[in-house]
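Shown next: work33.json, given as JSON, C-alpha atoms.
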```
[["chain", "number", "residue", "atom", "x", "y", "z"],
["X", 29, "MET", "CA", -14.83, 6.64, 22.00],
["X", 30, "TRP", "CA", -11.37, 7.90, 21.10],
["X", 31, "THR", "CA", -11.05, 11.60, 20.23],
["X", 32, "PRO", "CA", -7.93, 12.87, 18.42],
["X", 33, "ASP", "CA", -5.91, 15.61, 20.04],
["X", 34, "ALA", "CA", -5.15, 18.99, 18.48],
["X", 35, "GLU", "CA", -1.82, 17.88, 16.95],
["X", 36, "THR", "CA", -3.39, 14.84, 15.30],
["X", 37, "GLU", "CA", -6.20, 16.99, 13.92],
["X", 38, "ARG", "CA", -3.64, 19.40, 12.50],
["X", 39, "LYS", "CA", -1.76, 16.57, 10.78],
["X", 40, "ARG", "CA", -4.99, 15.25, 9.33],
["X", 41, "ARG", "CA", -5.88, 18.66, 7.94],
["X", 42, "LEU", "CA", -2.47, 19.02, 6.30],
["X", 43, "VAL", "CA", -2.65, 15.56, 4.73],
["X", 44, "ALA", "CA", -6.23, 16.13, 3.55],
["X", 45, "ARG", "CA", -5.32, 19.46, 1.94],
["X", 46, "ARG", "CA", -2.37, 17.88, 0.15],
["X", 47, "TYR", "CA", -4.63, 15.09, -1.08],
["X", 48, "GLN", "CA", -7.11, 17.63, -2.46],
["X", 49, "VAL", "CA", -4.35, 19.52, -4.28],
["X", 50, "VAL", "CA", -3.03, 16.29, -5.82],
["X", 51, "ARG", "CA", -6.51, 15.29, -6.98],
["X", 52, "HIS", "CA", -7.05, 18.72, -8.51],
["X", 53, "ARG", "CA", -3.75, 18.48, -10.40],
["X", 54, "THR", "CA", -4.71, 15.02, -11.65],
["X", 55, "TRP", "CA", -8.05, 16.37, -12.89],
["X", 56, "LEU", "CA", -6.35, 19.21, -14.77],
["X", 57, "LYS", "CA", -3.90, 16.82, -16.44],
["X", 58, "ASN", "CA", -6.76, 14.56, -17.48],
["X", 59, "GLU", "CA", -8.55, 17.56, -19.01],
["X", 60, "VAL", "CA", -5.50, 18.40, -21.12],
["X", 61, "HIS", "CA", -5.19, 14.78, -22.28],
["X", 62, "SER", "CA", -8.91, 14.69, -23.14],
["X", 63, "ILE", "CA", -8.54, 17.79, -25.33],
["X", 64, "LEU", "CA", -5.66, 16.17, -27.21],
["X", 65, "HIS", "CA", -7.61, 12.93, -27.66],
["X", 66, "ALA", "CA", -10.68, 14.80, -28.92],
["X", 67, "HIS", "CA", -8.62, 16.33, -31.73],
["X", 68, "LEU", "CA", -6.79, 13.06, -32.57],
["X", 69, "ILE", "CA", -3.40, 14.33, -31.45],
["X", 70, "PRO", "CA", -0.91, 11.42, -31.17],
["X", 71, "LYS", "CA", 0.66, 10.43, -27.91],
["X", 72, "CYS", "CA", 3.43, 12.64, -26.57],
["X", 73, "PRO", "CA", 6.84, 11.11, -27.42],
["X", 74, "HIS", "CA", 8.34, 12.35, -24.14],
["X", 75, "ALA", "CA", 7.97, 10.72, -20.74],
["X", 76, "ASP", "CA", 6.01, 13.60, -19.18],
["X", 77, "LEU", "CA", 3.69, 15.91, -21.06],
["X", 78, "PHE", "CA", 4.03, 18.68, -18.49],
["X", 79, "ASN", "CA", 7.80, 19.02, -18.18],
["X", 80, "ALA", "CA", 9.88, 21.42, -20.30],
["X", 81, "ARG", "CA", 10.19, 19.14, -23.34],
["X", 82, "GLY", "CA", 6.59, 18.00, -23.10],
["X", 83, "ARG", "CA", 5.27, 21.57, -22.95],
["X", 84, "ALA", "CA", 7.37, 22.53, -25.96],
["X", 85, "TRP", "CA", 5.83, 19.62, -27.88],
["X", 86, "LEU", "CA", 2.36, 20.64, -26.64],
["X", 87, "ALA", "CA", 2.83, 24.23, -27.84],
["X", 88, "ALA", "CA", 3.72, 23.00, -31.35],
["X", 89, "GLN", "CA", 0.44, 21.10, -31.86],
["X", 90, "GLN", "CA", -2.29, 22.52, -34.12],
["X", 91, "LEU", "CA", -5.42, 23.18, -32.04],
["X", 92, "PRO", "CA", -8.38, 25.57, -32.25],
["X", 93, "ASP", "CA", -8.06, 28.90, -30.45],
["X", 94, "ASP", "CA", -10.54, 28.08, -27.69],
["X", 95, "GLU", "CA", -8.88, 24.72, -26.98],
["X", 96, "ARG", "CA", -5.45, 26.36, -26.95],
["X", 97, "ALA", "CA", -6.70, 28.92, -24.42],
["X", 98, "ALA", "CA", -8.15, 26.15, -22.26],
["X", 99, "ILE", "CA", -4.84, 24.25, -22.27],
["X", 100, "ASP", "CA", -2.90, 27.39, -21.36],
["X", 101, "ARG", "CA", -5.31, 28.06, -18.52],
["X", 102, "HIS", "CA", -4.91, 24.50, -17.21],
["X", 103, "VAL", "CA", -1.11, 24.71, -17.41],
["X", 104, "ARG", "CA", -1.08, 27.99, -15.46],
["X", 105, "GLU", "CA", -3.30, 26.40, -12.82],
["X", 106, "LEU", "CA", -0.93, 23.42, -12.62],
["X", 107, "ASP", "CA", 2.00, 25.73, -11.96],
["X", 108, "ARG", "CA", 0.11, 27.50, -9.19],
["X", 109, "LEU", "CA", -0.92, 24.20, -7.60],
["X", 110, "ALA", "CA", 2.69, 22.97, -7.80],
["X", 111, "GLU", "CA", 3.74, 25.89, -5.58],
["X", 112, "ASP", "CA", 0.96, 25.13, -3.10],
["X", 113, "LEU", "CA", 1.95, 21.46, -3.09],
["X", 114, "ALA", "CA", 5.57, 22.33, -2.36],
["X", 115, "LEU", "CA", 4.49, 24.44, 0.64],
["X", 116, "LEU", "CA", 2.29, 21.65, 1.99],
["X", 117, "ASP", "CA", 5.09, 19.11, 1.54],
["X", 118, "ARG", "CA", 7.40, 21.42, 3.44],
["X", 119, "GLU", "CA", 5.01, 21.69, 6.38],
["X", 120, "ILE", "CA", 4.42, 17.93, 6.46],
["X", 121, "ALA", "CA", 8.17, 17.23, 6.30],
["X", 122, "GLN", "CA", 8.91, 19.67, 9.12],
["X", 123, "ASP", "CA", 6.39, 17.89, 11.34],
["X", 124, "ALA", "CA", 7.52, 14.39, 10.36],
["X", 125, "ILE", "CA", 11.29, 14.82, 10.44],
["X", 126, "ASP", "CA", 11.42, 14.20, 14.21],
["X", 127, "ASP", "CA", 8.50, 11.76, 14.32],
["X", 128, "PRO", "CA", 9.81, 8.22, 14.96],
["X", 129, "ALA", "CA", 6.58, 6.62, 13.69],
["X", 130, "VAL", "CA", 6.86, 8.27, 10.26],
["X", 131, "ASN", "CA", 10.56, 7.39, 9.95],
["X", 132, "ARG", "CA", 9.77, 3.81, 10.95],
["X", 133, "LEU", "CA", 7.07, 3.41, 8.30],
["X", 134, "MET", "CA", 9.34, 4.87, 5.63],
["X", 135, "THR", "CA", 11.56, 1.79, 5.92],
["X", 136, "ILE", "CA", 8.84, -0.21, 4.12],
["X", 137, "THR", "CA", 9.27, -0.58, 0.37],
["X", 138, "GLY", "CA", 6.81, 1.66, -1.46],
["X", 139, "VAL", "CA", 6.00, 3.94, 1.51],
["X", 140, "ASN", "CA", 7.29, 7.50, 1.11],
["X", 141, "LEU", "CA", 6.88, 10.59, 3.26],
["X", 142, "ALA", "CA", 3.34, 11.43, 2.10],
["X", 143, "VAL", "CA", 2.06, 7.89, 2.65],
["X", 144, "ALA", "CA", 3.75, 7.49, 6.04],
["X", 145, "ALA", "CA", 2.51, 10.86, 7.31],
["X", 146, "GLY", "CA", -1.01, 10.10, 6.08],
["X", 147, "ILE", "CA", -1.09, 6.70, 7.79],
["X", 148, "VAL", "CA", 0.23, 8.07, 11.09],
["X", 149, "ALA", "CA", -2.27, 10.96, 10.99],
["X", 150, "ALA", "CA", -5.15, 8.57, 10.26],
["X", 151, "ILE", "CA", -4.18, 6.11, 13.01],
["X", 152, "GLY", "CA", -3.40, 8.58, 15.76],
["X", 153, "ASP", "CA", -2.81, 6.37, 18.80],
["X", 154, "ILE", "CA", -1.88, 2.85, 17.70],
["X", 155, "GLY", "CA", -2.80, 1.56, 21.17],
["X", 156, "ARG", "CA", -6.51, 1.77, 20.38],
["X", 157, "PHE", "CA", -6.12, -1.12, 17.90],
["X", 158, "ASN", "CA", -5.35, -4.29, 19.83],
["X", 159, "SER", "CA", -5.02, -6.41, 16.67],
["X", 160, "PRO", "CA", -4.01, -5.78, 13.04],
["X", 161, "GLN", "CA", -7.43, -6.99, 11.86],
["X", 162, "LYS", "CA", -9.09, -4.04, 13.59],
["X", 163, "LEU", "CA", -6.74, -1.61, 11.86],
["X", 164, "VAL", "CA", -7.54, -3.29, 8.52],
["X", 165, "SER", "CA", -11.26, -2.86, 9.23],
["X", 166, "TYR", "CA", -10.68, 0.78, 10.21],
["X", 167, "PHE", "CA", -9.20, 1.43, 6.77],
["X", 168, "GLY", "CA", -11.94, -0.54, 4.98],
["X", 169, "LEU", "CA", -9.56, -3.11, 3.51],
["X", 170, "ASN", "CA", -11.23, -6.19, 4.96],
["X", 171, "PRO", "CA", -13.18, -8.36, 2.47],
["X", 172, "ARG", "CA", -16.94, -8.63, 2.65],
["X", 173, "VAL", "CA", -18.21, -11.95, 4.02],
["X", 174, "ARG", "CA", -21.69, -13.26, 3.27],
["X", 175, "GLN", "CA", -22.82, -16.32, 5.19],
["X", 176, "SER", "CA", -26.19, -17.71, 6.22],
["X", 177, "GLY", "CA", -26.33, -20.13, 9.13],
["X", 178, "LEU", "CA", -23.97, -23.06, 8.76],
["X", 179, "GLY", "CA", -23.60, -22.59, 5.02],
["X", 180, "ALA", "CA", -20.43, -21.78, 3.18],
["X", 181, "ALA", "CA", -19.02, -18.27, 3.58],
["X", 182, "HIS", "CA", -18.73, -16.20, 0.42],
["X", 183, "HIS", "CA", -15.89, -13.67, 0.40],
["X", 184, "GLY", "CA", -16.28, -10.56, -1.73],
["X", 185, "ARG", "CA", -14.18, -7.49, -2.45],
["X", 186, "ILE", "CA", -12.97, -5.05, 0.17],
["X", 187, "SER", "CA", -15.67, -3.23, 2.12],
["X", 188, "LYS", "CA", -14.32, 0.33, 1.53],
["X", 189, "ILE", "CA", -15.92, 1.41, 4.80],
["X", 190, "GLY", "CA", -13.48, 3.54, 6.75],
["X", 191, "ARG", "CA", -10.91, 6.26, 6.10],
["X", 192, "SER", "CA", -10.86, 6.55, 2.33],
["X", 193, "HIS", "CA", -7.78, 8.79, 2.22],
["X", 194, "ALA", "CA", -5.56, 6.35, 4.10],
["X", 195, "ARG", "CA", -6.92, 3.47, 2.03],
["X", 196, "ALA", "CA", -6.09, 5.27, -1.22],
["X", 197, "MET", "CA", -2.55, 5.99, -0.02],
["X", 198, "LEU", "CA", -2.03, 2.35, 0.94],
["X", 199, "VAL", "CA", -3.18, 1.24, -2.51],
["X", 200, "GLU", "CA", -0.65, 3.62, -4.08],
["X", 201, "ALA", "CA", 2.03, 2.19, -1.79],
["X", 202, "ALA", "CA", 1.02, -1.30, -2.95],
["X", 203, "TRP", "CA", 1.64, -0.30, -6.59],
["X", 204, "ALA", "CA", 5.08, 1.02, -5.67],
["X", 205, "ALA", "CA", 5.91, -2.00, -3.50],
["X", 206, "VAL", "CA", 5.25, -4.39, -6.37],
["X", 207, "LYS", "CA", 7.82, -2.62, -8.53],
["X", 208, "GLY", "CA", 10.38, -2.37, -5.74],
["X", 209, "ALA", "CA", 10.54, -5.84, -4.18],
["X", 210, "ARG", "CA", 10.09, -9.35, -5.52],
["X", 211, "TYR", "CA", 8.67, -10.84, -2.34],
["X", 212, "THR", "CA", 5.69, -8.46, -2.48],
["X", 213, "ALA", "CA", 5.06, -8.99, -6.19],
["X", 214, "CYS", "CA", 4.04, -12.62, -5.62],
["X", 215, "PHE", "CA", 1.00, -11.42, -3.64],
["X", 216, "PHE", "CA", -0.07, -9.10, -6.46],
["X", 217, "ARG", "CA", -1.80, -11.61, -8.68],
["X", 218, "PRO", "CA", -5.21, -13.28, -9.05],
["X", 219, "HIS", "CA", -6.09, -15.97, -6.55],
["X", 220, "PRO", "CA", -6.28, -19.38, -8.30],
["X", 221, "SER", "CA", -9.01, -20.68, -6.02],
["X", 222, "PRO", "CA", -12.60, -20.16, -7.32],
["X", 223, "ALA", "CA", -13.75, -19.44, -3.77],
["X", 224, "ARG", "CA", -11.62, -16.28, -3.55],
["X", 225, "PRO", "CA", -12.11, -13.40, -6.02],
["X", 226, "SER", "CA", -9.24, -11.48, -7.56],
["X", 227, "ASP", "CA", -8.58, -8.28, -5.58],
["X", 228, "ARG", "CA", -4.85, -7.85, -5.92],
["X", 229, "ARG", "CA", -4.41, -4.22, -4.90],
["X", 230, "GLY", "CA", -6.63, -4.56, -1.85],
["X", 231, "ALA", "CA", -4.85, -7.76, -0.76],
["X", 232, "LEU", "CA", -1.40, -6.20, -0.89],
["X", 233, "ALA", "CA", -2.63, -2.98, 0.75],
["X", 234, "ARG", "CA", -4.10, -5.13, 3.52],
["X", 235, "LYS", "CA", -0.74, -6.85, 4.05],
["X", 236, "LEU", "CA", 0.97, -3.45, 4.23],
["X", 237, "THR", "CA", -1.58, -2.37, 6.87],
["X", 238, "VAL", "CA", -0.79, -5.42, 8.99],
["X", 239, "LEU", "CA", 2.92, -4.68, 8.60],
["X", 240, "CYS", "CA", 2.39, -1.07, 9.70],
["X", 241, "TRP", "CA", 0.54, -2.26, 12.80],
["X", 242, "HIS", "CA", 3.40, -4.57, 13.81],
["X", 243, "LEU", "CA", 6.07, -1.91, 13.23],
["X", 244, "LEU", "CA", 4.21, 0.75, 15.22],
["X", 245, "THR", "CA", 3.24, -1.62, 18.03],
["X", 246, "LYS", "CA", 6.66, -3.22, 18.47],
["X", 247, "ARG", "CA", 8.49, 0.05, 17.70],
["X", 248, "GLU", "CA", 10.88, -1.65, 15.32],
["X", 249, "ASP", "CA", 12.04, -0.82, 11.80],
["X", 250, "TYR", "CA", 11.30, -3.03, 8.83],
["X", 251, "LEU", "CA", 13.67, -5.98, 8.89],
["X", 252, "TRP", "CA", 14.19, -6.29, 5.12],
["X", 253, "ALA", "CA", 14.56, -2.57, 4.39],
["X", 254, "ARG", "CA", 17.13, -1.52, 1.81],
["X", 255, "PRO", "CA", 19.67, 0.83, 3.38],
["X", 256, "ALA", "CA", 20.15, 2.89, 0.22],
["X", 257, "LEU", "CA", 16.42, 3.42, -0.35],
["X", 258, "VAL", "CA", 15.84, 4.38, 3.28],
["X", 259, "ALA", "CA", 18.73, 6.86, 3.11],
["X", 260, "ASN", "CA", 17.31, 8.39, -0.07],
["X", 261, "LYS", "CA", 13.86, 8.76, 1.51],
["X", 262, "THR", "CA", 15.34, 10.37, 4.60],
["X", 263, "ARG", "CA", 17.40, 12.76, 2.52],
["X", 264, "ALA", "CA", 14.38, 13.73, 0.42],
["X", 265, "MET", "CA", 12.42, 14.45, 3.60],
["X", 266, "GLN", "CA", 15.23, 16.64, 4.90],
["X", 267, "LEU", "CA", 15.35, 18.58, 1.63],
["X", 268, "GLN", "CA", 11.58, 19.11, 1.70],
["X", 269, "ALA", "CA", 11.84, 20.35, 5.28],
["X", 270, "GLY", "CA", 14.41, 22.95, 4.19],
["X", 271, "HIS", "CA", 17.61, 21.42, 5.58],
["X", 272, "PRO", "CA", 20.71, 22.35, 3.55],
["X", 273, "GLN", "CA", 22.36, 19.60, 1.56],
["X", 274, "GLN", "CA", 25.65, 18.43, 3.00],
["X", 275, "LYS", "CA", 28.76, 17.77, 0.97],
["X", 276, "GLY", "CA", 29.15, 14.21, -0.19],
["X", 277, "SER", "CA", 25.56, 13.30, 0.72],
["X", 278, "ARG", "CA", 24.39, 12.55, -2.81],
["X", 279, "ARG", "CA", 25.38, 8.92, -2.60],
["X", 280, "GLY", "CA", 23.80, 6.63, -0.09],
["X", 281, "PRO", "CA", 25.68, 4.28, 2.23],
["X", 282, "ALA", "CA", 27.69, 1.48, 0.71],
["X", 283, "TYR", "CA", 25.85, -1.82, 0.52],
["X", 284, "ASN", "CA", 26.28, -5.14, -1.24],
["X", 285, "ILE", "CA", 23.88, -5.32, -4.18],
["X", 286, "LYS", "CA", 24.43, -9.05, -4.74],
["X", 287, "ALA", "CA", 23.71, -9.84, -1.08],
["X", 288, "LEU", "CA", 20.48, -7.85, -1.21],
["X", 289, "ARG", "CA", 19.34, -9.60, -4.39],
["X", 290, "ASP", "CA", 20.15, -13.03, -2.95],
["X", 291, "ARG", "CA", 18.20, -12.19, 0.19],
["X", 292, "GLU", "CA", 15.22, -11.01, -1.86],
["X", 293, "MET", "CA", 15.29, -14.19, -3.94],
["X", 294, "LEU", "CA", 15.40, -16.29, -0.75],
["X", 295, "ILE", "CA", 12.43, -14.44, 0.74],
["X", 296, "ALA", "CA", 10.52, -14.70, -2.55],
["X", 297, "ALA", "CA", 11.09, -18.46, -2.64],
["X", 298, "GLN", "CA", 9.88, -18.86, 0.96],
["X", 299, "VAL", "CA", 6.80, -16.75, 0.32],
["X", 300, "GLU", "CA", 6.10, -18.67, -2.89],
["X", 301, "ARG", "CA", 6.20, -22.00, -1.07],
["X", 302, "SER", "CA", 3.93, -20.78, 1.72],
["X", 303, "TYR", "CA", 1.55, -19.26, -0.83],
["X", 304, "GLU", "CA", 1.32, -22.54, -2.81],
["X", 305, "ARG", "CA", 0.74, -24.49, 0.41],
["X", 306, "PHE", "CA", -2.04, -22.12, 1.42],
["X", 307, "VAL", "CA", -3.70, -22.41, -2.02],
["X", 308, "SER", "CA", -3.54, -26.20, -1.96],
["X", 309, "LEU", "CA", -5.08, -26.34, 1.52],
["X", 310, "GLU", "CA", -7.82, -23.94, 0.55],
["X", 311, "SER", "CA", -8.60, -25.81, -2.68],
["X", 312, "ALA", "CA", -8.87, -29.07, -0.73],
["X", 313, "ALA", "CA", -11.19, -27.39, 1.75],
["X", 314, "VAL", "CA", -13.42, -26.09, -1.05],
["X", 315, "LYS", "CA", -13.74, -29.61, -2.50],
["X", 316, "THR", "CA", -14.57, -31.03, 0.93],
["X", 317, "ARG", "CA", -17.11, -28.28, 1.57],
["X", 318, "ARG", "CA", -18.85, -29.08, -1.68],
["X", 319, "ALA", "CA", -19.00, -32.74, -0.64],
["X", 320, "GLY", "CA", -21.01, -31.74, 2.44],
["X", 321, "ALA", "CA", -18.41, -31.86, 5.19],
["X", 322, "SER", "CA", -18.30, -29.13, 7.81],
["X", 323, "VAL", "CA", -15.30, -26.80, 7.75],
["X", 324, "ARG", "CA", -13.58, -24.89, 10.50],
["X", 325, "GLN", "CA", -10.67, -22.44, 10.62],
["X", 326, "ASP", "CA", -7.54, -23.27, 12.59],
["X", 327, "LYS", "CA", -5.18, -20.80, 14.28],
["X", 328, "ILE", "CA", -3.20, -19.84, 11.18],
["X", 329, "GLY", "CA", -6.26, -19.45, 9.00],
["X", 330, "SER", "CA", -5.90, -22.50, 6.75],
["X", 331, "PRO", "CA", -9.15, -24.52, 6.43],
["X", 332, "VAL", "CA", -9.16, -28.01, 7.94],
["X", 333, "THR", "CA", -12.14, -30.37, 7.77],
["X", 334, "LEU", "CA", -13.65, -31.95, 10.84],
["X", 335, "ALA", "CA", -14.29, -35.13, 8.89],
["X", 336, "ALA", "CA", -10.56, -35.57, 8.23],
["X", 337, "ASP", "CA", -9.78, -35.11, 11.92],
["X", 338, "ALA", "CA", -12.41, -37.63, 12.91],
["X", 339, "SER", "CA", -11.14, -40.23, 10.46],
["X", 340, "ARG", "CA", -7.55, -39.73, 11.60],
["X", 341, "PHE", "CA", -8.40, -40.25, 15.27],
["X", 342, "ALA", "CA", -10.67, -43.20, 14.48],
["X", 343, "THR", "CA", -7.94, -45.13, 12.64],
["X", 344, "ARG", "CA", -5.34, -44.53, 15.35],
["X", 345, "SER", "CA", -4.54, -47.64, 17.40],
["X", 346, "PRO", "CA", -5.06, -47.38, 21.17],
["X", 347, "ALA", "CA", -2.02, -46.94, 23.37],
["X", 348, "PRO", "CA", -0.86, -50.08, 25.25],
["X", 349, "ASN", "CA", -1.78, -50.26, 28.89],
["X", 350, "ASN", "CA", 1.21, -51.43, 30.94],
["X", 351, "HIS", "CA", -0.73, -51.54, 34.20],
["X", 352, "SER", "CA", -3.23, -54.18, 33.08],
["X", 353, "ARG", "CA", -2.89, -57.72, 34.40],
["X", 354, "GLY", "CA", -3.64, -60.95, 32.59]]
```
What does this structure look like when you write it as structure tokens?
Amino acid sequence: MWTPDAETERKRRLVARRYQVVRHRTWLKNEVHSILHAHLIPKCPHADLFNARGRAWLAAQQLPDDERAAIDRHVRELDRLAEDLALLDREIAQDAIDDPAVNRLMTITGVNLAVAAGIVAAIGDIGRFNSPQKLVSYFGLNPRVRQSGLGAAHHGRISKIGRSHARAMLVEAAWAAVKGARYTACFFRPHPSPARPSDRRGALARKLTVLCWHLLTKREDYLWARPALVANKTRAMQLQAGHPQQKGSRRGPAYNIKALRDREMLIAAQVERSYERFVSLESAAVKTRRAGASVRQDKIGSPVTLAADASRFATRSPAPNNHSRG
């Protein structure tokens, strides 16, 4: 049984405290929105209700005295929690600025400092997971499988048995990855096969977990990382850690936008073709399974029927024997 060391325990405590502060802030914001909805106040015309313009709009609304006092109390608590969150982000950034694992995971689209630090703290030693499937199971992102004897296997939603904090952060990274890259957005959609339910966030979070395992095991950066986004993430981490901003560091490194878009479109087309091929193979396997044929899984995970293999070998003509006489 693996036991985390003192440094890993410290990182886990920092990440857990930050997660609690973020959840508390979310609860307070929801309380303010519920008060406005209860009194039929229209939606705020500004992007954020809790910035300077949003608070000015909030102060101009007609509300009862007790509701106004409750909103003021929630806003004061939000300001206090924002200071605590800034201190926690500073401590996490100071620990992660020299951590190669955190910097390596930040090259993935949708993974920022908080997500990378949380994943590294939850994993600890990557050597204790000898396959990406075990890391997926550790986070509770593997689908439930119900099967009796030689019958057909029924796949359900994710098990949610494991580290809930890391799983929640990976789901948030999946939302951000869909908006940031086209080749990840094609995985974020319902599965057309009736044998597979629609669990889009869990599927993409599971793919991000497998990607994290490969990057940490091989000690390599993400191949299709955008240089400008990685530079912005690194600079934000340095600012959170308290490093002074250098002159001329506002702009990221020069890169070719057209080349990046062409590369993303090429990757999206390749992923789309492989996805359609996988769906067609799985749909054919479902039809064969319903007909009564036994089904097995090959090395890449696409279902192939034993009946099709038997018929192919049966119709093959025998090889000529050159050593026979007469």
- Query: Pick the closest to X:Ala201 from X:Thr262, X:Ile136, X:Pro171, X:Gly184: which is it, counting only C-alpha atoms?
  - Reply: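 Closest residue, counting only C-alpha atoms: X:Ile136.
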- Item | Residue with smallest distance to X:Arg254 - pool X:Gly138, X:Arg40, X:Ala110, X:Gln89, counting all atoms listed in the file | X:Gly138
- Selection near X:Ala149, 9 Å with only C-alpha atoms, sequence-local residues under 2 positions removed, as a list in words: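 Result of the neighbour search: Thr36, Glu37, Arg38, Lys39, Arg40, Val43, Ala144, Ala145, Gly146, Ile147, Ile151, Gly152 and Ala194 of chain X.
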- Min atom-atom distance to X:Arg156 from the set X:Gln48, X:Asn260, X:Thr245, X:Gln268, counting all atoms listed in the file, belongs to X:Thr245
- Query: Expressed in Å to a single decimal, how great is the separation between atom CA of X:Gly230 and atom CA of X:Arg185?
  - Reply: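 Interatomic distance, atom CA of X:Gly230 to atom CA of X:Arg185: 8.1 Å.
Here atom CA of X:Leu91 is placed at a distance of 19.2 Å from atom CA of X:His74.
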- Using all atoms listed in the file: which of X:Lys235, X:His182, X:Lys57, X:Arg174 has the shortest distance to X:Glu105: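 That would be X:Lys57, the residue with the smallest distance to X:Glu105.
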- Message: Just the number, please: distance in Å from atom CA of X:Asp100 to atom CA of X:Arg83, one decimal.
- Response: 10.2 Å
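Residues within 12 Å of X:Asp249, counting all atoms listed in the file and excluding same-chain residues fewer than 4 positions away, are X:Pro128, X:Ala129, X:Val130, X:Asn131, X:Arg132, X:Leu133, X:Met134, X:Thr135, X:Ile136, X:Thr137, X:Leu239, X:Cys240, X:Trp241, X:His242, X:Leu243, X:Leu244, X:Thr245, X:Ala253, X:Arg254, X:Pro255, X:Val258.
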- Take the point (-8.3, 25.3, -25.1) as written in the file and pick out every residue within 12 Å of it, counting only C-alpha atoms; give the list as a PyMOL selection string. chain X and resi 59-64+66-67+86-87+89-103
- Which of these, X:Leu106, X:Leu56, X:Leu42, X:Ala256, has the shortest distance to X:Gln122 once you count all atoms listed in the file? X:Leu42
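Summary of the local environment: counting only C-alpha atoms, residues at most 10 Å from X:Ala121, other than itself and those fewer than 4 positions away along its chain, are Leu115, Leu116, Asp117, Ile125, Asp126, Asp127, Val130, Leu141, Ala142, Ala145, Ala264, Met265, Gln266, Leu267, Gln268, Ala269 and Gly270 of chain X.
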- Can you work out which one of X:Ala233, X:Thr54, X:Glu119, X:Val148 has the shortest atom-to-atom distance to X:Leu169, counting only C-alpha atoms? X:Ala233
- Message: Show me, as a PyMOL selection string, the residues that have an atom within 9 Å of X:Gln161 when counting all atoms listed in the file, minus same-chain residues fewer than 5 positions from it.
- Response: chain X and resi 166+170+237-238
Generate the output file for the selected residues, C-alpha atoms, as a PDB file, in the coordinates of the input.
```pdb
ATOM      1  CA  TYR X 166     -10.680   0.780  10.210  1.00  0.00           C
ATOM      2  CA  ASN X 170     -11.230  -6.190   4.960  1.00  0.00           C
ATOM      3  CA  THR X 237      -1.580  -2.370   6.870  1.00  0.00           C
ATOM      4  CA  VAL X 238      -0.790  -5.420   8.990  1.00  0.00           C
TER       5      VAL X 238
END
```
Since the input is missing atoms, can you rebuild N, CA and C atoms for stretch 122-133 of chain X and write them as a compact mmCIF listing (two decimals), in the frame of the given file?
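Done, and the output landed in out_39.txt:
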```txt
# COMPACT_ATOMS: atom_id res chain seq x y z
N GLN X 122 8.44 19.07 7.88
CA GLN X 122 8.91 19.67 9.12
C GLN X 122 8.29 19.02 10.35
N ASP X 123 7.03 18.59 10.23
CA ASP X 123 6.39 17.89 11.34
C ASP X 123 6.86 16.45 11.48
N ALA X 124 7.21 15.82 10.34
CA ALA X 124 7.52 14.39 10.36
C ALA X 124 9.00 14.10 10.52
N ILE X 125 9.86 15.11 10.43
CA ILE X 125 11.29 14.82 10.44
C ILE X 125 11.76 14.29 11.79
N ASP X 126 11.07 14.67 12.87
CA ASP X 126 11.42 14.20 14.21
C ASP X 126 10.41 13.20 14.74
N ASP X 127 9.51 12.73 13.89
CA ASP X 127 8.50 11.76 14.32
C ASP X 127 9.04 10.35 14.12
N PRO X 128 9.25 9.57 15.16
CA PRO X 128 9.81 8.22 14.96
C PRO X 128 8.85 7.29 14.23
N ALA X 129 7.54 7.50 14.36
CA ALA X 129 6.58 6.62 13.69
C ALA X 129 6.66 6.79 12.17
N VAL X 130 6.77 8.02 11.69
CA VAL X 130 6.86 8.27 10.26
C VAL X 130 8.17 7.71 9.70
N ASN X 131 9.27 7.94 10.41
CA ASN X 131 10.56 7.39 9.95
C ASN X 131 10.56 5.88 9.98
N ARG X 132 9.83 5.28 10.88
CA ARG X 132 9.77 3.81 10.95
C ARG X 132 8.97 3.26 9.78
N LEU X 133 7.87 3.90 9.42
CA LEU X 133 7.07 3.41 8.30
C LEU X 133 7.76 3.63 6.96
```
